[in-house]
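final.txt (compact mmCIF, C-alpha atoms)
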```
# COMPACT_ATOMS: atom_id res chain seq x y z
CA MET A 1 47.51 82.67 -18.02
CA THR A 2 44.03 81.42 -17.20
CA GLY A 3 41.46 83.37 -15.27
CA THR A 4 39.66 86.65 -15.67
CA ILE A 5 41.03 90.11 -14.92
CA LEU A 6 38.46 92.06 -12.89
CA VAL A 7 38.65 95.78 -13.69
CA SER A 8 36.78 97.99 -11.24
CA GLY A 9 35.89 101.33 -12.80
CA GLY A 10 36.65 99.86 -16.21
CA ALA A 11 34.07 102.05 -17.93
CA GLY A 12 35.95 105.20 -16.93
CA TYR A 13 38.61 107.10 -18.85
CA ILE A 14 41.81 105.29 -17.81
CA GLY A 15 40.01 102.08 -16.94
CA SER A 16 38.46 101.69 -20.39
CA HIS A 17 41.81 102.18 -22.12
CA THR A 18 43.31 99.53 -19.85
CA VAL A 19 40.42 97.15 -20.59
CA LEU A 20 41.16 97.66 -24.29
CA ALA A 21 44.87 96.95 -23.76
CA LEU A 22 44.11 93.81 -21.77
CA ARG A 23 41.71 92.48 -24.40
CA GLU A 24 44.16 93.22 -27.21
CA SER A 25 46.79 91.22 -25.29
CA GLY A 26 44.42 88.24 -25.24
CA ARG A 27 43.13 88.52 -21.67
CA ASP A 28 39.63 87.72 -20.47
CA VAL A 29 38.23 90.79 -18.75
CA LEU A 30 35.23 91.50 -16.53
CA VAL A 31 34.41 95.13 -15.73
CA LEU A 32 32.85 96.03 -12.38
CA ASP A 33 31.27 99.47 -12.67
CA ASP A 34 28.07 101.22 -11.57
CA LEU A 35 28.26 103.58 -14.60
CA SER A 36 27.78 106.63 -12.36
CA GLU A 37 30.85 108.23 -13.97
CA GLY A 38 31.82 105.83 -16.75
CA HIS A 39 30.26 104.93 -20.08
CA ALA A 40 28.99 101.54 -21.21
CA ALA A 41 29.97 102.42 -24.79
CA ALA A 42 33.62 102.76 -23.69
CA LEU A 43 33.71 99.02 -22.98
CA LEU A 44 33.47 98.15 -26.69
CA GLY A 45 31.51 95.04 -25.81
CA ALA A 46 33.56 93.88 -22.81
CA PRO A 47 31.40 92.10 -20.21
CA LEU A 48 30.05 94.25 -17.39
CA ALA A 49 29.01 93.47 -13.82
CA ASN A 50 26.87 96.53 -13.19
CA GLY A 51 26.94 97.46 -9.52
CA SER A 52 28.73 99.35 -6.78
CA MET A 53 31.91 98.47 -4.91
CA LEU A 54 30.15 99.77 -1.81
CA ASP A 55 27.70 96.86 -2.04
CA ARG A 56 29.77 94.29 -0.20
CA GLU A 57 27.53 91.34 -1.06
CA PHE A 58 27.44 92.28 -4.74
CA VAL A 59 31.24 92.36 -4.82
CA ARG A 60 31.47 88.98 -3.08
CA ASP A 61 28.96 87.48 -5.53
CA VAL A 62 31.04 88.69 -8.49
CA PHE A 63 34.13 86.97 -7.12
CA ARG A 64 32.22 83.78 -6.37
CA ALA A 65 30.68 83.64 -9.84
CA HIS A 66 33.91 84.13 -11.80
CA ARG A 67 37.40 82.72 -11.76
CA ILE A 68 39.27 85.94 -11.00
CA ALA A 69 43.04 85.89 -11.53
CA ALA A 70 43.83 89.52 -10.68
CA VAL A 71 42.16 92.83 -9.90
CA PHE A 72 42.82 96.21 -11.53
CA HIS A 73 41.26 98.90 -9.35
CA PHE A 74 40.28 102.22 -10.96
CA ALA A 75 36.90 102.91 -9.36
CA ALA A 76 37.26 105.98 -7.13
CA ARG A 77 36.21 109.55 -6.60
CA CYS A 78 39.03 111.75 -7.89
CA TYR A 79 38.15 115.48 -7.66
CA VAL A 80 40.39 117.30 -5.20
CA GLY A 81 37.97 120.18 -4.56
CA GLU A 82 35.02 117.86 -3.96
CA SER A 83 37.12 115.80 -1.58
CA VAL A 84 37.64 118.89 0.58
CA THR A 85 33.93 119.79 0.71
CA ASP A 86 32.62 116.21 0.99
CA PRO A 87 35.38 114.10 2.60
CA GLY A 88 32.98 111.42 3.80
CA ARG A 89 32.08 110.52 0.24
CA TYR A 90 35.76 110.06 -0.56
CA TYR A 91 36.53 107.88 2.43
CA ARG A 92 33.50 105.69 1.66
CA HIS A 93 34.24 105.23 -2.04
CA ASN A 94 38.02 105.23 -2.02
CA VAL A 95 38.70 103.34 1.21
CA VAL A 96 35.63 101.25 2.07
CA GLY A 97 35.15 100.31 -1.59
CA THR A 98 38.78 99.20 -1.81
CA MET A 99 38.44 97.15 1.36
CA ASN A 100 35.39 95.38 -0.08
CA LEU A 101 37.48 94.33 -3.08
CA LEU A 102 40.42 93.23 -0.95
CA ASP A 103 38.24 91.23 1.43
CA ALA A 104 36.58 89.44 -1.49
CA MET A 105 40.03 88.64 -2.85
CA VAL A 106 41.09 87.15 0.48
CA GLU A 107 37.91 85.07 0.67
CA THR A 108 38.40 83.63 -2.81
CA GLY A 109 42.21 83.31 -2.83
CA VAL A 110 42.98 86.01 -5.43
CA LYS A 111 46.51 87.32 -4.85
CA ARG A 112 47.26 90.00 -7.49
CA PHE A 113 46.14 93.62 -7.34
CA VAL A 114 47.04 96.72 -9.39
CA LEU A 115 46.02 100.04 -7.85
CA SER A 116 45.30 103.26 -9.68
CA SER A 117 47.01 105.66 -7.28
CA THR A 118 48.09 109.28 -7.69
CA CYS A 119 50.89 111.78 -7.31
CA ALA A 120 48.52 113.57 -4.89
CA THR A 121 49.82 111.23 -2.18
CA TYR A 122 53.05 113.29 -2.15
CA GLY A 123 51.28 116.53 -1.24
CA GLU A 124 53.76 119.38 -1.70
CA PRO A 125 56.95 117.53 -2.67
CA GLU A 126 60.35 118.62 -1.50
CA ARG A 127 61.95 118.52 -4.95
CA MET A 128 61.31 117.92 -8.65
CA PRO A 129 61.07 115.62 -10.43
CA ILE A 130 59.14 113.57 -7.90
CA THR A 131 60.68 110.18 -7.11
CA GLU A 132 59.13 107.31 -5.17
CA ASP A 133 61.43 107.81 -2.17
CA LEU A 134 59.97 111.23 -1.31
CA PRO A 135 57.69 111.45 1.75
CA GLN A 136 53.99 110.96 1.11
CA ARG A 137 52.20 113.81 2.86
CA PRO A 138 48.87 114.45 1.10
CA ILE A 139 47.22 117.82 1.60
CA ASN A 140 43.65 116.91 0.66
CA PRO A 141 41.23 114.04 1.38
CA TYR A 142 41.56 112.66 -2.16
CA GLY A 143 45.32 112.17 -1.77
CA ALA A 144 44.82 110.88 1.78
CA THR A 145 42.37 108.19 0.69
CA LYS A 146 44.72 106.96 -2.01
CA LEU A 147 47.57 106.81 0.48
CA ILE A 148 45.36 104.79 2.82
CA ASP A 149 44.70 102.41 -0.09
CA GLU A 150 48.45 101.94 -0.45
CA TRP A 151 48.71 101.26 3.29
CA LEU A 152 45.94 98.67 2.95
CA LEU A 153 47.93 96.89 0.27
CA ARG A 154 50.98 96.77 2.51
CA ASP A 155 48.96 95.39 5.43
CA TYR A 156 47.01 92.84 3.34
CA HIS A 157 50.33 91.61 1.97
CA ARG A 158 51.64 91.02 5.48
CA ALA A 159 48.44 89.36 6.68
CA HIS A 160 47.29 87.49 3.58
CA GLY A 161 50.16 87.36 1.09
CA LEU A 162 48.39 89.63 -1.39
CA GLU A 163 50.81 91.04 -3.99
CA SER A 164 50.31 94.48 -5.46
CA VAL A 165 51.60 97.26 -7.64
CA ALA A 166 50.46 100.85 -7.03
CA LEU A 167 50.81 103.19 -10.00
CA ARG A 168 50.99 106.87 -9.07
CA TYR A 169 49.78 108.90 -12.02
CA PHE A 170 50.40 112.45 -12.99
CA ASN A 171 48.08 114.00 -15.63
CA ALA A 172 46.41 111.38 -17.81
CA ALA A 173 45.74 112.78 -21.28
CA GLY A 174 45.07 111.85 -24.89
CA ALA A 175 42.89 109.12 -26.36
CA ASP A 176 43.13 105.76 -28.08
CA PRO A 177 45.24 106.41 -31.21
CA GLN A 178 42.49 104.87 -33.36
CA ALA A 179 39.89 107.14 -31.69
CA ARG A 180 37.78 104.17 -30.63
CA ILE A 181 37.53 105.50 -27.06
CA GLY A 182 38.57 108.71 -25.35
CA GLU A 183 37.93 111.25 -22.62
CA ASP A 184 34.35 112.20 -21.74
CA HIS A 185 33.71 113.79 -18.35
CA GLU A 186 30.74 115.82 -17.20
CA PRO A 187 31.66 118.35 -16.06
CA GLU A 188 35.02 118.42 -17.82
CA THR A 189 37.84 119.64 -15.57
CA HIS A 190 40.96 118.54 -17.47
CA LEU A 191 42.93 121.17 -19.34
CA ILE A 192 43.50 119.51 -22.73
CA PRO A 193 39.84 118.63 -23.47
CA ILE A 194 38.77 122.06 -22.23
CA VAL A 195 41.20 123.78 -24.63
CA ILE A 196 40.02 121.50 -27.44
CA GLN A 197 36.41 122.45 -26.71
CA VAL A 198 37.38 126.10 -27.10
CA ALA A 199 39.02 125.30 -30.45
CA GLN A 200 35.80 123.54 -31.48
CA ALA A 201 33.76 126.62 -30.50
CA ARG A 202 32.02 124.55 -27.81
CA ARG A 203 33.36 126.89 -25.12
CA GLU A 204 33.95 130.60 -25.35
CA HIS A 205 37.41 130.61 -23.72
CA VAL A 206 39.78 128.82 -21.38
CA THR A 207 40.83 130.50 -18.14
CA VAL A 208 44.54 130.47 -17.32
CA PHE A 209 44.85 130.51 -13.54
CA GLY A 210 47.90 132.67 -12.97
CA ASN A 211 50.65 133.88 -15.30
CA ASP A 212 53.16 135.04 -12.70
CA TYR A 213 54.66 131.73 -11.61
CA PRO A 214 58.44 131.22 -11.69
CA THR A 215 58.29 129.23 -14.95
CA GLN A 216 59.46 130.03 -18.47
CA ASP A 217 56.15 131.63 -19.49
CA GLY A 218 54.66 132.35 -16.06
CA THR A 219 52.04 129.56 -16.18
CA CYS A 220 51.91 126.29 -14.26
CA ILE A 221 53.78 123.27 -15.57
CA ARG A 222 52.25 119.81 -15.37
CA ASP A 223 53.33 116.33 -16.42
CA TYR A 224 51.05 114.84 -19.09
CA VAL A 225 51.11 111.09 -19.70
CA HIS A 226 49.24 109.46 -22.56
CA VAL A 227 46.38 107.27 -21.36
CA THR A 228 47.50 104.40 -23.62
CA ASP A 229 50.93 104.51 -21.97
CA LEU A 230 49.22 104.35 -18.57
CA ALA A 231 47.29 101.29 -19.73
CA ASP A 232 50.53 99.67 -20.88
CA ALA A 233 52.04 100.21 -17.42
CA HIS A 234 49.12 98.31 -15.86
CA VAL A 235 49.62 95.37 -18.21
CA ARG A 236 53.33 95.33 -17.40
CA ALA A 237 52.54 95.35 -13.67
CA LEU A 238 50.39 92.25 -14.13
CA LEU A 239 53.10 90.51 -16.15
CA ALA A 240 55.63 91.23 -13.40
CA MET A 241 53.36 89.61 -10.81
CA GLU A 242 52.83 86.58 -13.04
CA LYS A 243 56.57 86.10 -13.51
CA GLY A 244 57.36 86.03 -9.80
CA SER A 245 56.80 87.53 -6.40
CA VAL A 246 56.77 91.34 -6.35
CA GLY A 247 55.57 91.88 -2.79
CA VAL A 248 54.30 95.46 -2.57
CA ARG A 249 55.64 97.90 -5.14
CA ALA A 250 54.84 101.46 -6.20
CA TYR A 251 55.83 103.36 -9.31
CA ASN A 252 55.44 106.90 -10.58
CA LEU A 253 54.13 107.33 -14.12
CA GLY A 254 55.36 110.63 -15.51
CA ASN A 255 57.22 112.14 -18.43
CA THR A 256 59.63 114.24 -16.30
CA ALA A 257 59.75 117.26 -18.63
CA GLY A 258 56.33 118.82 -18.08
CA THR A 259 54.32 121.24 -20.20
CA SER A 260 53.01 124.69 -19.28
CA VAL A 261 49.40 125.79 -19.64
CA LEU A 262 50.31 128.19 -22.45
CA GLU A 263 52.27 125.45 -24.22
CA VAL A 264 49.17 123.24 -24.12
CA ILE A 265 47.10 126.05 -25.63
CA ARG A 266 49.66 126.68 -28.38
CA THR A 267 49.86 122.95 -29.16
CA VAL A 268 46.08 122.68 -29.54
CA GLU A 269 46.16 125.70 -31.86
CA GLN A 270 48.92 124.06 -33.91
CA VAL A 271 47.16 120.68 -34.15
CA SER A 272 43.69 122.08 -34.83
CA GLY A 273 44.68 125.02 -37.00
CA ARG A 274 42.29 127.16 -34.95
CA ARG A 275 42.73 130.00 -32.54
CA VAL A 276 42.04 129.38 -28.84
CA LYS A 277 40.81 132.32 -26.80
CA SER A 278 42.32 132.43 -23.33
CA VAL A 279 41.52 134.69 -20.38
CA MET A 280 43.98 135.33 -17.57
CA GLY A 281 42.64 134.66 -14.10
CA ALA A 282 44.02 134.74 -10.58
CA ARG A 283 46.10 131.93 -9.17
CA ARG A 284 44.17 129.07 -7.61
CA PRO A 285 45.09 128.35 -3.99
CA GLY A 286 47.37 125.35 -3.65
CA ASP A 287 48.54 125.21 -7.28
CA PRO A 288 52.30 124.53 -7.27
CA PRO A 289 54.28 126.16 -10.09
CA ARG A 290 55.70 122.85 -11.35
CA LEU A 291 54.57 119.29 -10.80
CA VAL A 292 56.45 116.59 -12.70
CA GLY A 293 57.46 113.06 -11.92
CA SER A 294 60.33 110.70 -12.59
CA SER A 295 59.46 107.31 -14.06
CA ALA A 296 63.03 106.01 -13.85
CA ARG A 297 62.08 103.22 -11.45
CA ILE A 298 59.37 101.64 -13.60
CA GLN A 299 61.51 102.05 -16.69
CA ALA A 300 64.35 100.19 -15.00
CA GLU A 301 62.28 97.48 -13.31
CA LEU A 302 59.40 96.85 -15.73
CA GLY A 303 60.81 98.20 -18.99
CA TRP A 304 58.03 100.77 -19.37
CA GLN A 305 58.68 103.56 -21.86
CA PRO A 306 56.08 106.14 -22.95
CA ARG A 307 55.30 105.57 -26.63
CA PHE A 308 53.27 108.77 -26.92
CA GLY A 309 55.48 110.97 -24.78
CA ASP A 310 55.48 114.36 -26.48
CA ILE A 311 52.66 116.83 -25.95
CA LYS A 312 51.94 117.22 -29.68
CA THR A 313 51.26 113.50 -30.08
CA ILE A 314 49.11 113.49 -26.96
CA VAL A 315 47.05 116.42 -28.24
CA GLU A 316 46.76 114.91 -31.74
CA THR A 317 45.14 111.76 -30.36
CA ALA A 318 42.82 113.79 -28.15
CA TRP A 319 41.86 116.03 -31.08
CA ARG A 320 41.00 113.05 -33.30
CA TRP A 321 38.72 111.65 -30.60
CA HIS A 322 36.95 114.95 -29.91
CA GLU A 323 36.53 115.67 -33.60
CA ARG A 324 35.10 112.22 -34.22
CA ARG A 325 32.91 112.30 -31.13
CA PRO A 326 32.27 115.95 -30.20
CA ASP A 327 29.49 114.81 -27.85
CA GLY A 328 31.63 112.09 -26.36
CA TYR A 329 29.78 108.83 -25.93
CA GLY A 330 26.44 110.61 -26.27
CA ASP A 331 25.10 109.32 -22.97
CA ARG A 332 25.57 112.34 -20.74
CA ARG A 333 22.90 112.72 -18.13
CA PRO A 334 20.92 115.97 -18.20
CA THR A 335 22.03 118.51 -15.64
CA THR A 336 19.95 121.13 -13.89
CA ALA A 337 20.81 124.70 -14.81
CA HIS A 338 21.22 127.21 -12.01
CA GLY A 339 20.74 130.88 -12.70
```

Show me the file's structure as structure tokens.
Amino acid sequence: MTGTILVSGGAGYIGSHTVLALRESGRDVLVLDDLSEGHAAALLGAPLANGSMLDREFVRDVFRAHRIAAVFHFAARCYVGESVTDPGRYYRHNVVGTMNLLDAMVETGVKRFVLSSTCATYGEPERMPITEDLPQRPINPYGATKLIDEWLLRDYHRAHGLESVALRYFNAAGADPQARIGEDHEPETHLIPIVIQVAQARREHVTVFGNDYPTQDGTCIRDYVHVTDLADAHVRALLAMEKGSVGVRAYNLGNTAGTSVLEVIRTVEQVSGRRVKSVMGARRPGDPPRLVGSSARIQAELGWQPRFGDIKTIVETAWRWHERRPDGYGDRRPTTAHG
């Protein structure tokens, strides 16, 4: 297919892996990113339009200057706690920014859109594993803004014929199997890289928030999906839209089984051959005991199957990346210490 795939937030963790997958499949890619969270080095030379989605004229100029065939939308604020304390920032970035992209698409006749959504749109689900037919009742502004994005896609389809696929992630994890790119957040909030940093003696310990949940070892269970598998799902979503009309679709991306916090720690110890010091802490408010998703729909409709589905493989790829690049991309901005 001719035309360029515009990837907003393509310098971020999941976005950069998807850019890599698109380029390896022979696609022309243009990344739209302001590099406030992402890393230029993660693009591996892919072209970059450096600017903000919130700059409506900048977004329109990008669409006018390039022959865009489809949009993959990753750029968003995605910290639940921050969304509670600063909801305005989330509604601006995650809703207004999305609208700027959609309006530019309408103006230039672009019809295909893949949304990076989240399982947070379900809120506190009624049953496990989570399926797409469950009610979406988010309990924080982050989940609410992503649900609004999904509503926008439905309404822009009705009004303008825009076709879309929303992919609702669970816990993205791992790194490119060749360790070319990987996870580098500042501050780091994801469990697997935090545990790896403890194994590397870059942190003193990892805190386990609660060990009295009704699970097999008392710790929370989460659904980890390899970032390369997430990227593959995006490519498959694009292929589905190119083959024929999809209307407005949404899919969960999960592994169904789930892994506990202690299992993650033990797996990192096994892969690294090093001991990981853990400290038991109190439960965090709002943490459900088990959060896993069913990916049966996308498997049936798009043929998606996780290639890196087991937690040991996920951790192995993450470990290779962090061992190769212990300082990540080496472009972290200095932070101010507070006593």

Pairwise distance, atom CA of A:Val59 with atom CA of A:Ala172, equals 27.6 Å

Compile the contact shell of A:Gly293 as a ChimeraX atom specification: residues with an atom at most 10 Å away, counting all atoms listed in the file, same-chain residues fewer than 5 positions apart removed.
/A:119,127-132,168-170,222-224,252-258

Of A:Asn100, A:Thr85, A:Gln200, A:Ser116, the one nearest to A:Val62 when counting only C-alpha atoms is A:Asn100

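The coordinates place atom CA of A:Arg290 at 20.8 Å from atom CA of A:Ala144.
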
Could you give me, as CSV, a per-residue list for stretch 150-229 of chain A showing, wherever an atom lies at most 8 Å from an atom of stretch 268-279 of chain A, the closest pair of atoms and their distance in Å to one decimal, using all atoms listed in the file and sorting by chain then residue number from low to high?
```
residue,atom,partner,partner_atom,distance
A:Ile192,CA,A:Val268,CA,7.9
A:Val195,CA,A:Val268,CA,7.0
A:Ile196,CA,A:Val268,CA,6.5
A:Val198,CA,A:Val276,CA,6.0
A:Ala199,CA,A:Val276,CA,5.3
A:Glu204,CA,A:Lys277,CA,7.2
A:His205,CA,A:Lys277,CA,4.9
A:Val206,CA,A:Ser278,CA,4.8
A:Thr207,CA,A:Val279,CA,4.8
A:Val208,CA,A:Val279,CA,6.0
```

Write out as a PyMOL selection string which residues come within 7 Å of A:Gly3 when counting all atoms listed in the file, dropping same-chain ones fewer than 4 positions away.
chain A and resi 67-69

Give as a PyMOL selection string each residue that has an atom at most 12 Å from (35.4, 119.1, -5.6) in the file, counting only C-alpha atoms.
chain A and resi 77-87+89-90+140-142+187+189

Considering only C-alpha atoms, can you say which of A:Glu24, A:Arg158, A:Asn171, A:Ala42 comes closest to A:Tyr329?
A:Ala42

Tell me which protein, DNA and RNA residues are within 10 Å of A:Trp321, counting all atoms listed in the file, leaving out same-chain ones fewer than 3 positions away, and put them as number ranges by chain.
A: 174-184, 315-318, 324-326, 328

Would you mind exporting C-alpha atoms of the selected residues as a PDB file, in the coordinates of the input?
```pdb
ATOM      1  CA  GLY A 174      45.070 111.850 -24.890  1.00  0.00           C
ATOM      2  CA  ALA A 175      42.890 109.120 -26.360  1.00  0.00           C
ATOM      3  CA  ASP A 176      43.130 105.760 -28.080  1.00  0.00           C
ATOM      4  CA  PRO A 177      45.240 106.410 -31.210  1.00  0.00           C
ATOM      5  CA  GLN A 178      42.490 104.870 -33.360  1.00  0.00           C
ATOM      6  CA  ALA A 179      39.890 107.140 -31.690  1.00  0.00           C
ATOM      7  CA  ARG A 180      37.780 104.170 -30.630  1.00  0.00           C
ATOM      8  CA  ILE A 181      37.530 105.500 -27.060  1.00  0.00           C
ATOM      9  CA  GLY A 182      38.570 108.710 -25.350  1.00  0.00           C
ATOM     10  CA  GLU A 183      37.930 111.250 -22.620  1.00  0.00           C
ATOM     11  CA  ASP A 184      34.350 112.200 -21.740  1.00  0.00           C
ATOM     12  CA  VAL A 315      47.050 116.420 -28.240  1.00  0.00           C
ATOM     13  CA  GLU A 316      46.760 114.910 -31.740  1.00  0.00           C
ATOM     14  CA  THR A 317      45.140 111.760 -30.360  1.00  0.00           C
ATOM     15  CA  ALA A 318      42.820 113.790 -28.150  1.00  0.00           C
ATOM     16  CA  ARG A 324      35.100 112.220 -34.220  1.00  0.00           C
ATOM     17  CA  ARG A 325      32.910 112.300 -31.130  1.00  0.00           C
ATOM     18  CA  PRO A 326      32.270 115.950 -30.200  1.00  0.00           C
ATOM     19  CA  GLY A 328      31.630 112.090 -26.360  1.00  0.00           C
TER      20      GLY A 328
END
```

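One distance worth recording is that between atom CA of A:His190 and atom CA of A:Tyr91, which is 23.0 Å.
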